[in-house]
Amino acid sequence: MKKTLLLSIVAIACLTLSNSALSEQAPFAIAIHGGAGTIEKEKFTPDQEKAYRAKLTEAVEAGYFVLEKGGESLDAIITAIQVLEQSPYFNAGRGAVYTYDGSHELDASIMDGRNREAGAVAGVKHIESPINLARLVMDNSVHVMLSGQGAEEFAKEQGVELIENNLFDTEPRYKALLKAKQKLDKAKATSKEYQAAHKALPNSYKMGTVGAVALDKNGNLAAGTSTGGMTAKRYGRVGDAPVIGAGTFAENDSCAVSATGHGEYFIRYNVASDICARVKYQGKTIAEAGDEVINGVLKPIGGTGGVIVIDTKGNISLPFNTSGMYRASKSNTQATYVGIFSDE
Ligand code: ASP
């Protein structure tokens, strides 16, 4: 009897050991972005560059810490994105760009790779962390995407505090709005001319979103994206960031993607889900699929931007077709990487 008991204890101990060895081996990884665009080294002072790198490092490490402790990929991406939403450097949350009318309208979305559950908010004006509200939409509503006032009513019901829109005001973004309006108003004669002028605005007015993708120790992928959209946007314009399949996509069978760039192209070309479809149906690696869509499909038609992609093995790919993209990644086999320009 005693011998049997001893054997069972040894067997349980072995099982526990091999389980913990297995979970130690399970890959986990995170990647983040803080927007793509015309990002040139000459335009940064050494202190500014250092500050951007420090914020990217802080965000990726905060998300990684959640994963390392055994947390879920959904929680890891929210943690990372909230660090960026709270920073005025990025076009999301505190650093959101201005609309044509001088206010801020924020978009965000999140997707769970386990079951393709998703949540999104568009055009919210009084929500400090749109990515958090997107998660509440996913978890606590029967819908996928809520917009404007309705989304804010839902937020209130969920106990989210509404804040003043002017808390998103920052001087650099205001200056960018004035410059954009100068360019637009010159061409205001007809609606068609105005539209053409908007199309001609440089990249810097159209980018700066933040996002994150992660794989947790249980093999689950998640993706999220949060943005202030495009400087001088009008008529309730909504970009790709809250559109599932365009700016955000996650599915355990293929990959997780968060995008940044000229949203209209990302919507029309279904960028995030197209990358994962190539992985799923054509057996492409995420590096091949990401490069095909960003450089093969979007670049020739003038669709500027980039994506961060991760798969269930913990591979990470960060392709972009602009001069830079704020980005960072870390995995259980890769030390923290931070990049801004194209040559690093
Ligand atoms: N994709 C975003 C939008 O079009 C902008 C960005 O990525 O910076 O709203």
# chains A, B, ... in the order shown; residues from 1 in each chain; ligands from 1
call {"tool": "residues_near_ligand", "arguments": {"ligand": "ligand 1", "cutoff": "6 Å", "atoms": "only C-alpha atoms and all ligand atoms", "output": "PyMOL selection string"}}
result
chain A and resi 35+206-209+229-230+239-241+260-263
call {"tool": "residues_around", "arguments": {"residues": "region 63-69 of chain A", "least_positions_apart": "6", "cutoff": "10 Å", "atoms": "only C-alpha atoms", "output": "compact mmCIF listing (two decimals) with all heavy atoms, in the first residue's frame"}}
result
# COMPACT_ATOMS: atom_id res chain seq x y z
N GLU A 24 7.30 26.01 -19.85
CA GLU A 24 8.46 26.89 -19.99
C GLU A 24 8.91 26.98 -21.44
O GLU A 24 9.43 27.98 -21.89
CB GLU A 24 9.61 26.35 -19.15
CG GLU A 24 9.67 27.02 -17.78
CD GLU A 24 10.63 26.31 -16.86
OE1 GLU A 24 11.68 25.84 -17.35
OE2 GLU A 24 10.30 26.23 -15.67
N PHE A 28 6.17 32.58 -26.27
CA PHE A 28 5.30 33.73 -26.06
C PHE A 28 6.03 34.97 -26.55
O PHE A 28 7.27 35.04 -26.50
CB PHE A 28 4.83 33.86 -24.61
CG PHE A 28 5.93 33.99 -23.58
CD1 PHE A 28 6.26 35.24 -23.08
CD2 PHE A 28 6.60 32.88 -23.11
CE1 PHE A 28 7.26 35.38 -22.11
CE2 PHE A 28 7.62 33.01 -22.15
CZ PHE A 28 7.94 34.26 -21.66
N ALA A 29 5.26 35.90 -27.08
CA ALA A 29 5.90 37.03 -27.77
C ALA A 29 4.93 38.19 -27.92
O ALA A 29 3.72 38.01 -27.91
CB ALA A 29 6.36 36.58 -29.15
N ILE A 30 5.49 39.37 -28.09
CA ILE A 30 4.66 40.57 -28.31
C ILE A 30 5.36 41.52 -29.28
O ILE A 30 6.60 41.60 -29.29
CB ILE A 30 4.34 41.28 -26.97
CG1 ILE A 30 3.43 42.49 -27.20
CG2 ILE A 30 5.60 41.69 -26.22
CD1 ILE A 30 2.72 43.00 -25.95
N ALA A 31 4.58 42.20 -30.08
CA ALA A 31 5.12 43.26 -30.94
C ALA A 31 4.17 44.44 -30.86
O ALA A 31 2.96 44.27 -30.70
CB ALA A 31 5.24 42.78 -32.38
N ILE A 32 4.73 45.64 -30.96
CA ILE A 32 3.90 46.85 -30.91
C ILE A 32 4.31 47.80 -32.03
O ILE A 32 5.42 47.70 -32.56
CB ILE A 32 4.04 47.59 -29.55
CG1 ILE A 32 5.50 48.07 -29.35
CG2 ILE A 32 3.62 46.71 -28.40
CD1 ILE A 32 5.64 49.09 -28.23
N ASP A 75 -4.81 40.64 -22.52
CA ASP A 75 -4.40 41.58 -21.46
C ASP A 75 -3.05 42.21 -21.78
O ASP A 75 -2.82 43.38 -21.48
CB ASP A 75 -4.34 40.85 -20.10
CG ASP A 75 -5.72 40.40 -19.67
OD1 ASP A 75 -6.69 41.12 -19.94
OD2 ASP A 75 -5.84 39.31 -19.06
N ALA A 76 -2.18 41.43 -22.39
CA ALA A 76 -0.85 41.96 -22.73
C ALA A 76 -0.95 43.09 -23.74
O ALA A 76 -0.31 44.14 -23.60
CB ALA A 76 0.03 40.84 -23.28
N ILE A 77 -1.80 42.89 -24.77
CA ILE A 77 -1.86 43.96 -25.79
C ILE A 77 -2.53 45.21 -25.22
O ILE A 77 -2.13 46.33 -25.54
CB ILE A 77 -2.54 43.51 -27.11
CG1 ILE A 77 -3.97 43.03 -26.88
CG2 ILE A 77 -1.71 42.46 -27.83
CD1 ILE A 77 -4.77 42.93 -28.15
N ILE A 78 -3.51 45.03 -24.35
CA ILE A 78 -4.16 46.22 -23.77
C ILE A 78 -3.16 46.98 -22.90
O ILE A 78 -3.05 48.21 -22.96
CB ILE A 78 -5.41 45.82 -22.97
CG1 ILE A 78 -6.47 45.36 -23.96
CG2 ILE A 78 -5.92 46.98 -22.12
CD1 ILE A 78 -7.85 45.23 -23.42
N THR A 79 -2.39 46.23 -22.12
CA THR A 79 -1.38 46.88 -21.26
C THR A 79 -0.40 47.71 -22.11
O THR A 79 -0.11 48.87 -21.80
CB THR A 79 -0.61 45.81 -20.45
OG1 THR A 79 -1.57 45.08 -19.69
CG2 THR A 79 0.41 46.43 -19.54
N ALA A 80 0.08 47.10 -23.19
CA ALA A 80 1.06 47.80 -24.04
C ALA A 80 0.42 49.01 -24.71
O ALA A 80 1.00 50.11 -24.74
CB ALA A 80 1.61 46.84 -25.08
N ILE A 81 -0.78 48.81 -25.25
CA ILE A 81 -1.43 49.91 -25.99
C ILE A 81 -1.76 51.07 -25.04
O ILE A 81 -1.62 52.25 -25.42
CB ILE A 81 -2.70 49.40 -26.71
CG1 ILE A 81 -2.29 48.51 -27.89
CG2 ILE A 81 -3.58 50.56 -27.20
CD1 ILE A 81 -3.45 47.82 -28.62
N GLN A 82 -2.14 50.76 -23.81
CA GLN A 82 -2.47 51.85 -22.89
C GLN A 82 -1.25 52.71 -22.55
O GLN A 82 -1.40 53.92 -22.34
CB GLN A 82 -3.14 51.29 -21.63
CG GLN A 82 -4.59 50.90 -21.93
CD GLN A 82 -5.38 50.44 -20.72
OE1 GLN A 82 -4.80 49.82 -19.83
NE2 GLN A 82 -6.67 50.71 -20.69
N VAL A 83 -0.07 52.11 -22.52
CA VAL A 83 1.13 52.92 -22.29
C VAL A 83 1.25 53.95 -23.43
O VAL A 83 1.55 55.13 -23.20
CB VAL A 83 2.41 52.04 -22.23
CG1 VAL A 83 3.67 52.90 -22.22
CG2 VAL A 83 2.37 51.11 -21.01
N ALA A 212 -0.85 46.60 -31.05
CA ALA A 212 -0.06 45.51 -30.47
C ALA A 212 -0.63 44.17 -30.91
O ALA A 212 -1.83 44.04 -31.14
CB ALA A 212 -0.06 45.61 -28.95
N VAL A 213 0.27 43.19 -31.03
CA VAL A 213 -0.13 41.80 -31.28
C VAL A 213 0.65 40.94 -30.30
O VAL A 213 1.79 41.26 -29.96
CB VAL A 213 0.17 41.36 -32.74
CG1 VAL A 213 -0.73 42.07 -33.73
CG2 VAL A 213 1.65 41.59 -33.10
N ALA A 214 0.03 39.84 -29.84
CA ALA A 214 0.75 39.01 -28.87
C ALA A 214 0.33 37.56 -28.95
O ALA A 214 -0.78 37.23 -29.40
CB ALA A 214 0.51 39.54 -27.45
N LEU A 215 1.25 36.72 -28.52
CA LEU A 215 1.02 35.28 -28.37
C LEU A 215 1.28 34.95 -26.91
O LEU A 215 2.35 35.28 -26.38
CB LEU A 215 2.00 34.50 -29.26
CG LEU A 215 2.11 33.00 -28.97
CD1 LEU A 215 0.85 32.27 -29.42
CD2 LEU A 215 3.34 32.40 -29.65
N ASP A 216 0.32 34.29 -26.25
CA ASP A 216 0.57 33.95 -24.85
C ASP A 216 1.02 32.49 -24.70
O ASP A 216 1.06 31.73 -25.67
CB ASP A 216 -0.63 34.31 -23.96
CG ASP A 216 -1.90 33.53 -24.30
OD1 ASP A 216 -1.79 32.37 -24.76
OD2 ASP A 216 -3.01 34.08 -24.10
N LYS A 217 1.32 32.09 -23.47
CA LYS A 217 1.89 30.75 -23.23
C LYS A 217 0.88 29.65 -23.54
O LYS A 217 1.26 28.50 -23.70
CB LYS A 217 2.34 30.64 -21.78
CG LYS A 217 3.59 31.44 -21.49
CD LYS A 217 4.01 31.25 -20.04
CE LYS A 217 5.25 32.05 -19.73
NZ LYS A 217 5.62 31.99 -18.31
N ASN A 218 -0.40 30.00 -23.63
CA ASN A 218 -1.40 29.00 -23.98
C ASN A 218 -1.61 28.90 -25.49
O ASN A 218 -2.51 28.20 -25.95
CB ASN A 218 -2.74 29.32 -23.30
CG ASN A 218 -2.63 29.10 -21.81
OD1 ASN A 218 -2.04 28.12 -21.36
ND2 ASN A 218 -3.17 30.02 -21.04
N SER A 329 9.58 44.85 -30.24
CA SER A 329 9.12 43.47 -30.03
C SER A 329 9.98 42.80 -28.98
O SER A 329 11.10 43.24 -28.68
CB SER A 329 9.17 42.68 -31.34
OG SER A 329 10.51 42.57 -31.79
N LYS A 330 9.44 41.73 -28.44
CA LYS A 330 10.19 40.94 -27.46
C LYS A 330 9.53 39.56 -27.38
O LYS A 330 8.30 39.44 -27.46
CB LYS A 330 10.13 41.62 -26.09
CG LYS A 330 10.96 40.93 -25.04
CD LYS A 330 11.09 41.78 -23.78
CE LYS A 330 12.03 41.08 -22.80
NZ LYS A 330 12.41 41.89 -21.67
N SER A 331 10.36 38.51 -27.25
CA SER A 331 9.77 37.18 -27.10
C SER A 331 10.60 36.39 -26.10
O SER A 331 11.65 36.85 -25.65
CB SER A 331 9.74 36.44 -28.44
OG SER A 331 11.00 35.89 -28.72
N ASN A 332 10.15 35.16 -25.79
CA ASN A 332 10.91 34.37 -24.82
C ASN A 332 12.26 33.95 -25.39
O ASN A 332 13.13 33.51 -24.65
CB ASN A 332 10.10 33.14 -24.36
CG ASN A 332 9.76 32.21 -25.50
OD1 ASN A 332 9.37 32.65 -26.57
ND2 ASN A 332 9.93 30.92 -25.28
N THR A 336 14.60 42.50 -26.14
CA THR A 336 13.82 43.65 -26.62
C THR A 336 14.47 44.28 -27.85
O THR A 336 15.67 44.60 -27.85
CB THR A 336 13.75 44.72 -25.51
OG1 THR A 336 13.21 44.11 -24.35
CG2 THR A 336 12.88 45.89 -25.92
call {"tool": "residues_around", "arguments": {"residues": "Arg173 (chain A)", "least_positions_apart": "3", "cutoff": "7 Å", "atoms": "only C-alpha atoms", "output": "ChimeraX atom specification"}}
result
/A:97-98,170,176-177
call {"tool": "closest_atom_pairs", "arguments": {"of": "region 76-178 of chain A", "to": "region 267-287 of chain A", "cutoff": "12 Å", "atoms": "only C-alpha atoms", "output": "CSV"}}
result
residue,atom,partner,partner_atom,distance
A:Met111,CA,A:Ala272,CA,11.4
A:Gly113,CA,A:Cys276,CA,11.3
A:Arg116,CA,A:Ser273,CA,11.5
call {"tool": "select_by_dssp", "arguments": {"residues": "region 59-298 of chain A", "states": "strand (DSSP E)", "output": "count of residues only"}}
result
40
call {"tool": "atom_distance", "arguments": {"atom1": "CA of Met325 (chain A)", "atom2": "CA of Ala120 (chain A)"}}
result
23.6 Å
call {"tool": "atom_distance", "arguments": {"atom1": "CA of Glu153 (chain A)", "atom2": "CA of Val124 (chain A)"}}
result
10.4 Å
call {"tool": "residues_around", "arguments": {"residues": "Thr304 (chain A)", "least_positions_apart": "6", "cutoff": "8 Å", "atoms": "only C-alpha atoms", "output": "PDB file with N, CA, C and O atoms, in the first residue's frame"}}
result
ATOM      1  N   GLY A  37       5.220  56.165 -41.231  1.00  0.00           N
ATOM      2  CA  GLY A  37       5.090  57.404 -42.000  1.00  0.00           C
ATOM      3  C   GLY A  37       6.436  57.954 -42.413  1.00  0.00           C
ATOM      4  O   GLY A  37       7.442  57.232 -42.445  1.00  0.00           O
ATOM      5  N   ASN A 203       1.977  62.295 -45.973  1.00  0.00           N
ATOM      6  CA  ASN A 203       1.773  61.152 -45.071  1.00  0.00           C
ATOM      7  C   ASN A 203       1.673  61.515 -43.605  1.00  0.00           C
ATOM      8  O   ASN A 203       0.947  60.895 -42.853  1.00  0.00           O
ATOM      9  N   GLY A 261      -1.308  53.180 -41.162  1.00  0.00           N
ATOM     10  CA  GLY A 261      -1.058  53.714 -42.493  1.00  0.00           C
ATOM     11  C   GLY A 261      -2.284  54.430 -43.005  1.00  0.00           C
ATOM     12  O   GLY A 261      -3.207  54.721 -42.243  1.00  0.00           O
ATOM     13  N   HIS A 262      -2.293  54.680 -44.290  1.00  0.00           N
ATOM     14  CA  HIS A 262      -3.387  55.431 -44.918  1.00  0.00           C
ATOM     15  C   HIS A 262      -4.629  54.542 -44.937  1.00  0.00           C
ATOM     16  O   HIS A 262      -4.791  53.677 -45.788  1.00  0.00           O
ATOM     17  N   LEU A 298       0.134  46.967 -51.706  1.00  0.00           N
ATOM     18  CA  LEU A 298      -0.162  48.366 -51.349  1.00  0.00           C
ATOM     19  C   LEU A 298       0.791  49.377 -51.993  1.00  0.00           C
ATOM     20  O   LEU A 298       0.349  50.427 -52.457  1.00  0.00           O
ATOM     21  N   PHE A 320       7.010  47.441 -43.443  1.00  0.00           N
ATOM     22  CA  PHE A 320       6.379  48.743 -43.753  1.00  0.00           C
ATOM     23  C   PHE A 320       6.970  49.278 -45.046  1.00  0.00           C
ATOM     24  O   PHE A 320       8.081  48.897 -45.422  1.00  0.00           O
ATOM     25  N   ASN A 321       6.236  50.150 -45.729  1.00  0.00           N
ATOM     26  CA  ASN A 321       6.733  50.682 -47.005  1.00  0.00           C
ATOM     27  C   ASN A 321       6.940  52.190 -46.941  1.00  0.00           C
ATOM     28  O   ASN A 321       6.907  52.866 -47.956  1.00  0.00           O
ATOM     29  N   THR A 322       7.114  52.710 -45.724  1.00  0.00           N
ATOM     30  CA  THR A 322       7.372  54.141 -45.510  1.00  0.00           C
ATOM     31  C   THR A 322       8.824  54.284 -45.040  1.00  0.00           C
ATOM     32  O   THR A 322       9.511  53.283 -44.846  1.00  0.00           O
TER      33      THR A 322
END
call {"tool": "closest_atom_pairs", "arguments": {"of": "region 54-91 of chain A", "to": "region 155-169 of chain A", "cutoff": "12 Å", "atoms": "only C-alpha atoms", "output": "CSV"}}
result
residue,atom,partner,partner_atom,distance
A:Glu85,CA,A:Phe168,CA,10.3
A:Gln86,CA,A:Phe168,CA,9.9
A:Ser87,CA,A:Phe168,CA,10.4
A:Pro88,CA,A:Phe168,CA,8.5
A:Tyr89,CA,A:Phe168,CA,11.7
A:Phe90,CA,A:Phe168,CA,11.4
A:Asn91,CA,A:Phe168,CA,10.1
call {"tool": "atom_distance", "arguments": {"atom1": "CA of Lys233 (chain A)", "atom2": "CA of Glu105 (chain A)"}}
result
9.1 Å
call {"tool": "residues_around", "arguments": {"residues": "Ala96 (chain A)", "least_positions_apart": "3", "cutoff": "7 Å", "atoms": "only C-alpha atoms", "output": "mmCIF file with all heavy atoms, in the first residue's frame"}}
result
data_model
loop_
_atom_site.group_PDB
_atom_site.id
_atom_site.type_symbol
_atom_site.label_atom_id
_atom_site.label_comp_id
_atom_site.auth_asym_id
_atom_site.auth_seq_id
_atom_site.Cartn_x
_atom_site.Cartn_y
_atom_site.Cartn_z
ATOM 1 N N ASN A 91 -0.278 59.087 -31.995
ATOM 2 C CA ASN A 91 -1.618 59.518 -32.415
ATOM 3 C C ASN A 91 -2.678 58.526 -31.926
ATOM 4 O O ASN A 91 -3.272 57.777 -32.699
ATOM 5 C CB ASN A 91 -1.631 59.660 -33.939
ATOM 6 C CG ASN A 91 -3.018 59.947 -34.476
ATOM 7 O OD1 ASN A 91 -3.913 60.364 -33.734
ATOM 8 N ND2 ASN A 91 -3.194 59.716 -35.763
ATOM 9 N N ALA A 92 -2.882 58.518 -30.629
ATOM 10 C CA ALA A 92 -3.895 57.664 -29.997
ATOM 11 C C ALA A 92 -4.058 58.192 -28.590
ATOM 12 O O ALA A 92 -3.072 58.664 -28.000
ATOM 13 C CB ALA A 92 -3.432 56.218 -29.945
ATOM 14 N N GLY A 93 -5.268 58.151 -28.029
ATOM 15 C CA GLY A 93 -5.460 58.668 -26.672
ATOM 16 C C GLY A 93 -4.917 60.081 -26.564
ATOM 17 O O GLY A 93 -5.217 60.956 -27.388
ATOM 18 N N HIS A 104 -11.353 65.973 -31.313
ATOM 19 C CA HIS A 104 -10.651 64.686 -31.461
ATOM 20 C C HIS A 104 -11.695 63.584 -31.509
ATOM 21 O O HIS A 104 -12.610 63.558 -30.674
ATOM 22 C CB HIS A 104 -9.714 64.433 -30.273
ATOM 23 C CG HIS A 104 -8.814 65.588 -29.976
ATOM 24 N ND1 HIS A 104 -7.568 65.739 -30.555
ATOM 25 C CD2 HIS A 104 -8.978 66.671 -29.176
ATOM 26 C CE1 HIS A 104 -7.008 66.854 -30.108
ATOM 27 N NE2 HIS A 104 -7.850 67.442 -29.266
ATOM 28 N N PHE A 168 -7.420 65.918 -24.802
ATOM 29 C CA PHE A 168 -6.561 65.351 -25.845
ATOM 30 C C PHE A 168 -5.776 66.442 -26.593
ATOM 31 O O PHE A 168 -5.048 66.137 -27.529
ATOM 32 C CB PHE A 168 -7.408 64.562 -26.859
ATOM 33 C CG PHE A 168 -8.162 63.408 -26.264
ATOM 34 C CD1 PHE A 168 -9.550 63.399 -26.251
ATOM 35 C CD2 PHE A 168 -7.490 62.320 -25.716
ATOM 36 C CE1 PHE A 168 -10.254 62.329 -25.699
ATOM 37 C CE2 PHE A 168 -8.186 61.251 -25.163
ATOM 38 C CZ PHE A 168 -9.574 61.253 -25.159
ATOM 39 N N THR A 227 -6.363 54.658 -32.358
ATOM 40 C CA THR A 227 -5.883 55.806 -33.132
ATOM 41 C C THR A 227 -6.743 57.050 -32.962
ATOM 42 O O THR A 227 -7.921 56.958 -32.590
ATOM 43 C CB THR A 227 -5.857 55.450 -34.643
ATOM 44 O OG1 THR A 227 -5.182 56.484 -35.367
ATOM 45 C CG2 THR A 227 -7.257 55.304 -35.219
ATOM 46 N N GLY A 228 -6.140 58.173 -33.278
ATOM 47 C CA GLY A 228 -6.885 59.422 -33.412
ATOM 48 C C GLY A 228 -7.272 59.637 -34.862
ATOM 49 O O GLY A 228 -7.957 60.604 -35.203
#
call {"tool": "residues_around", "arguments": {"residues": "Ile294 (chain A)", "least_positions_apart": "3", "cutoff": "8 Å", "atoms": "only C-alpha atoms", "output": "number ranges by chain"}}
result
A: 290-291, 297-299, 305-307, 319-321
call {"tool": "write_last_selection", "arguments": {"atoms": "all heavy atoms", "output": "PDB file, in the first residue's frame"}}
result
ATOM      1  N   GLY A 290       3.243  39.180 -45.102  1.00  0.00           N
ATOM      2  CA  GLY A 290       3.279  40.603 -44.760  1.00  0.00           C
ATOM      3  C   GLY A 290       3.965  41.406 -45.850  1.00  0.00           C
ATOM      4  O   GLY A 290       3.479  42.468 -46.267  1.00  0.00           O
ATOM      5  N   ASP A 291       5.080  40.886 -46.334  1.00  0.00           N
ATOM      6  CA  ASP A 291       5.818  41.601 -47.374  1.00  0.00           C
ATOM      7  C   ASP A 291       5.001  41.676 -48.672  1.00  0.00           C
ATOM      8  O   ASP A 291       4.956  42.718 -49.321  1.00  0.00           O
ATOM      9  CB  ASP A 291       7.157  40.883 -47.616  1.00  0.00           C
ATOM     10  CG  ASP A 291       7.950  41.568 -48.708  1.00  0.00           C
ATOM     11  OD1 ASP A 291       8.224  42.777 -48.549  1.00  0.00           O
ATOM     12  OD2 ASP A 291       8.246  40.914 -49.736  1.00  0.00           O
ATOM     13  N   VAL A 297       1.275  44.530 -52.796  1.00  0.00           N
ATOM     14  CA  VAL A 297      -0.079  44.994 -53.135  1.00  0.00           C
ATOM     15  C   VAL A 297      -0.215  46.508 -52.910  1.00  0.00           C
ATOM     16  O   VAL A 297      -0.644  47.246 -53.798  1.00  0.00           O
ATOM     17  CB  VAL A 297      -1.142  44.246 -52.279  1.00  0.00           C
ATOM     18  CG1 VAL A 297      -2.535  44.784 -52.568  1.00  0.00           C
ATOM     19  CG2 VAL A 297      -1.081  42.742 -52.539  1.00  0.00           C
ATOM     20  N   LEU A 298       0.134  46.967 -51.706  1.00  0.00           N
ATOM     21  CA  LEU A 298      -0.162  48.366 -51.349  1.00  0.00           C
ATOM     22  C   LEU A 298       0.791  49.377 -51.993  1.00  0.00           C
ATOM     23  O   LEU A 298       0.349  50.427 -52.457  1.00  0.00           O
ATOM     24  CB  LEU A 298      -0.104  48.541 -49.827  1.00  0.00           C
ATOM     25  CG  LEU A 298      -1.228  47.898 -49.018  1.00  0.00           C
ATOM     26  CD1 LEU A 298      -1.047  48.208 -47.543  1.00  0.00           C
ATOM     27  CD2 LEU A 298      -2.594  48.412 -49.486  1.00  0.00           C
ATOM     28  N   LYS A 299       2.067  49.057 -51.976  1.00  0.00           N
ATOM     29  CA  LYS A 299       3.039  50.068 -52.427  1.00  0.00           C
ATOM     30  C   LYS A 299       2.774  50.544 -53.863  1.00  0.00           C
ATOM     31  O   LYS A 299       2.741  51.754 -54.104  1.00  0.00           O
ATOM     32  CB  LYS A 299       4.466  49.523 -52.273  1.00  0.00           C
ATOM     33  CG  LYS A 299       5.496  50.610 -52.334  1.00  0.00           C
ATOM     34  CD  LYS A 299       6.862  50.113 -51.976  1.00  0.00           C
ATOM     35  CE  LYS A 299       7.842  51.241 -52.165  1.00  0.00           C
ATOM     36  NZ  LYS A 299       9.208  50.783 -51.951  1.00  0.00           N
ATOM     37  N   GLY A 305       2.146  52.609 -45.451  1.00  0.00           N
ATOM     38  CA  GLY A 305       1.957  52.182 -44.068  1.00  0.00           C
ATOM     39  C   GLY A 305       2.702  50.903 -43.758  1.00  0.00           C
ATOM     40  O   GLY A 305       3.629  50.508 -44.477  1.00  0.00           O
ATOM     41  N   GLY A 306       2.295  50.253 -42.689  1.00  0.00           N
ATOM     42  CA  GLY A 306       2.973  49.025 -42.285  1.00  0.00           C
ATOM     43  C   GLY A 306       2.104  48.216 -41.337  1.00  0.00           C
ATOM     44  O   GLY A 306       0.993  48.634 -40.965  1.00  0.00           O
ATOM     45  N   VAL A 307       2.608  47.049 -40.974  1.00  0.00           N
ATOM     46  CA  VAL A 307       1.874  46.169 -40.051  1.00  0.00           C
ATOM     47  C   VAL A 307       2.853  45.502 -39.083  1.00  0.00           C
ATOM     48  O   VAL A 307       4.050  45.395 -39.372  1.00  0.00           O
ATOM     49  CB  VAL A 307       1.119  45.029 -40.799  1.00  0.00           C
ATOM     50  CG1 VAL A 307      -0.106  45.537 -41.510  1.00  0.00           C
ATOM     51  CG2 VAL A 307       2.038  44.279 -41.749  1.00  0.00           C
ATOM     52  N   PRO A 319       6.796  44.487 -41.332  1.00  0.00           N
ATOM     53  CA  PRO A 319       7.062  45.155 -42.616  1.00  0.00           C
ATOM     54  C   PRO A 319       6.362  46.515 -42.753  1.00  0.00           C
ATOM     55  O   PRO A 319       5.256  46.693 -42.243  1.00  0.00           O
ATOM     56  CB  PRO A 319       6.486  44.164 -43.636  1.00  0.00           C
ATOM     57  CG  PRO A 319       5.383  43.476 -42.910  1.00  0.00           C
ATOM     58  CD  PRO A 319       5.814  43.400 -41.459  1.00  0.00           C
ATOM     59  N   PHE A 320       7.010  47.441 -43.443  1.00  0.00           N
ATOM     60  CA  PHE A 320       6.379  48.743 -43.753  1.00  0.00           C
ATOM     61  C   PHE A 320       6.970  49.278 -45.046  1.00  0.00           C
ATOM     62  O   PHE A 320       8.081  48.897 -45.422  1.00  0.00           O
ATOM     63  CB  PHE A 320       6.572  49.737 -42.593  1.00  0.00           C
ATOM     64  CG  PHE A 320       7.991  49.915 -42.128  1.00  0.00           C
ATOM     65  CD1 PHE A 320       8.770  50.961 -42.600  1.00  0.00           C
ATOM     66  CD2 PHE A 320       8.553  49.032 -41.215  1.00  0.00           C
ATOM     67  CE1 PHE A 320      10.083  51.136 -42.172  1.00  0.00           C
ATOM     68  CE2 PHE A 320       9.869  49.196 -40.780  1.00  0.00           C
ATOM     69  CZ  PHE A 320      10.630  50.246 -41.265  1.00  0.00           C
ATOM     70  N   ASN A 321       6.236  50.150 -45.729  1.00  0.00           N
ATOM     71  CA  ASN A 321       6.733  50.682 -47.005  1.00  0.00           C
ATOM     72  C   ASN A 321       6.940  52.190 -46.941  1.00  0.00           C
ATOM     73  O   ASN A 321       6.907  52.866 -47.956  1.00  0.00           O
ATOM     74  CB  ASN A 321       5.796  50.279 -48.156  1.00  0.00           C
ATOM     75  CG  ASN A 321       4.391  50.844 -47.974  1.00  0.00           C
ATOM     76  OD1 ASN A 321       4.215  51.850 -47.295  1.00  0.00           O
ATOM     77  ND2 ASN A 321       3.399  50.206 -48.586  1.00  0.00           N
TER      78      ASN A 321
END
call {"tool": "closest_residue", "arguments": {"among": "A:Lys181, A:Lys41, A:Lys199, A:His143", "to": "Ala232 (chain A)", "atoms": "only C-alpha atoms"}}
result
A:Lys181
call {"tool": "residues_around", "arguments": {"residues": "Ser323 (chain A)", "least_positions_apart": "4", "cutoff": "8 Å", "atoms": "only C-alpha atoms", "output": "PyMOL selection string"}}
result
chain A and resi 36-40+341-342
call {"tool": "write_last_selection", "arguments": {"atoms": "N, CA, C and O atoms", "output": "compact mmCIF listing (two decimals), in the first residue's frame"}}
result
# COMPACT_ATOMS: atom_id res chain seq x y z
N ALA A 36 3.39 54.42 -38.65
CA ALA A 36 4.37 54.45 -39.74
C ALA A 36 4.22 55.78 -40.46
O ALA A 36 3.22 56.46 -40.32
N GLY A 37 5.22 56.16 -41.23
CA GLY A 37 5.09 57.40 -42.00
C GLY A 37 6.44 57.95 -42.41
O GLY A 37 7.44 57.23 -42.44
N THR A 38 6.43 59.25 -42.71
CA THR A 38 7.66 59.90 -43.12
C THR A 38 8.44 60.23 -41.85
O THR A 38 8.29 61.31 -41.28
N ILE A 39 9.21 59.26 -41.41
CA ILE A 39 9.91 59.42 -40.14
C ILE A 39 11.40 59.43 -40.46
O ILE A 39 11.98 58.40 -40.79
N GLU A 40 12.01 60.63 -40.44
CA GLU A 40 13.42 60.72 -40.84
C GLU A 40 14.31 61.16 -39.68
O GLU A 40 13.94 62.02 -38.89
N PHE A 341 13.60 53.81 -37.70
CA PHE A 341 13.91 54.08 -39.11
C PHE A 341 13.98 52.76 -39.89
O PHE A 341 13.95 51.67 -39.30
N SER A 342 14.14 52.86 -41.22
CA SER A 342 14.07 51.64 -42.02
C SER A 342 15.36 50.81 -41.96
O SER A 342 15.35 49.63 -42.26
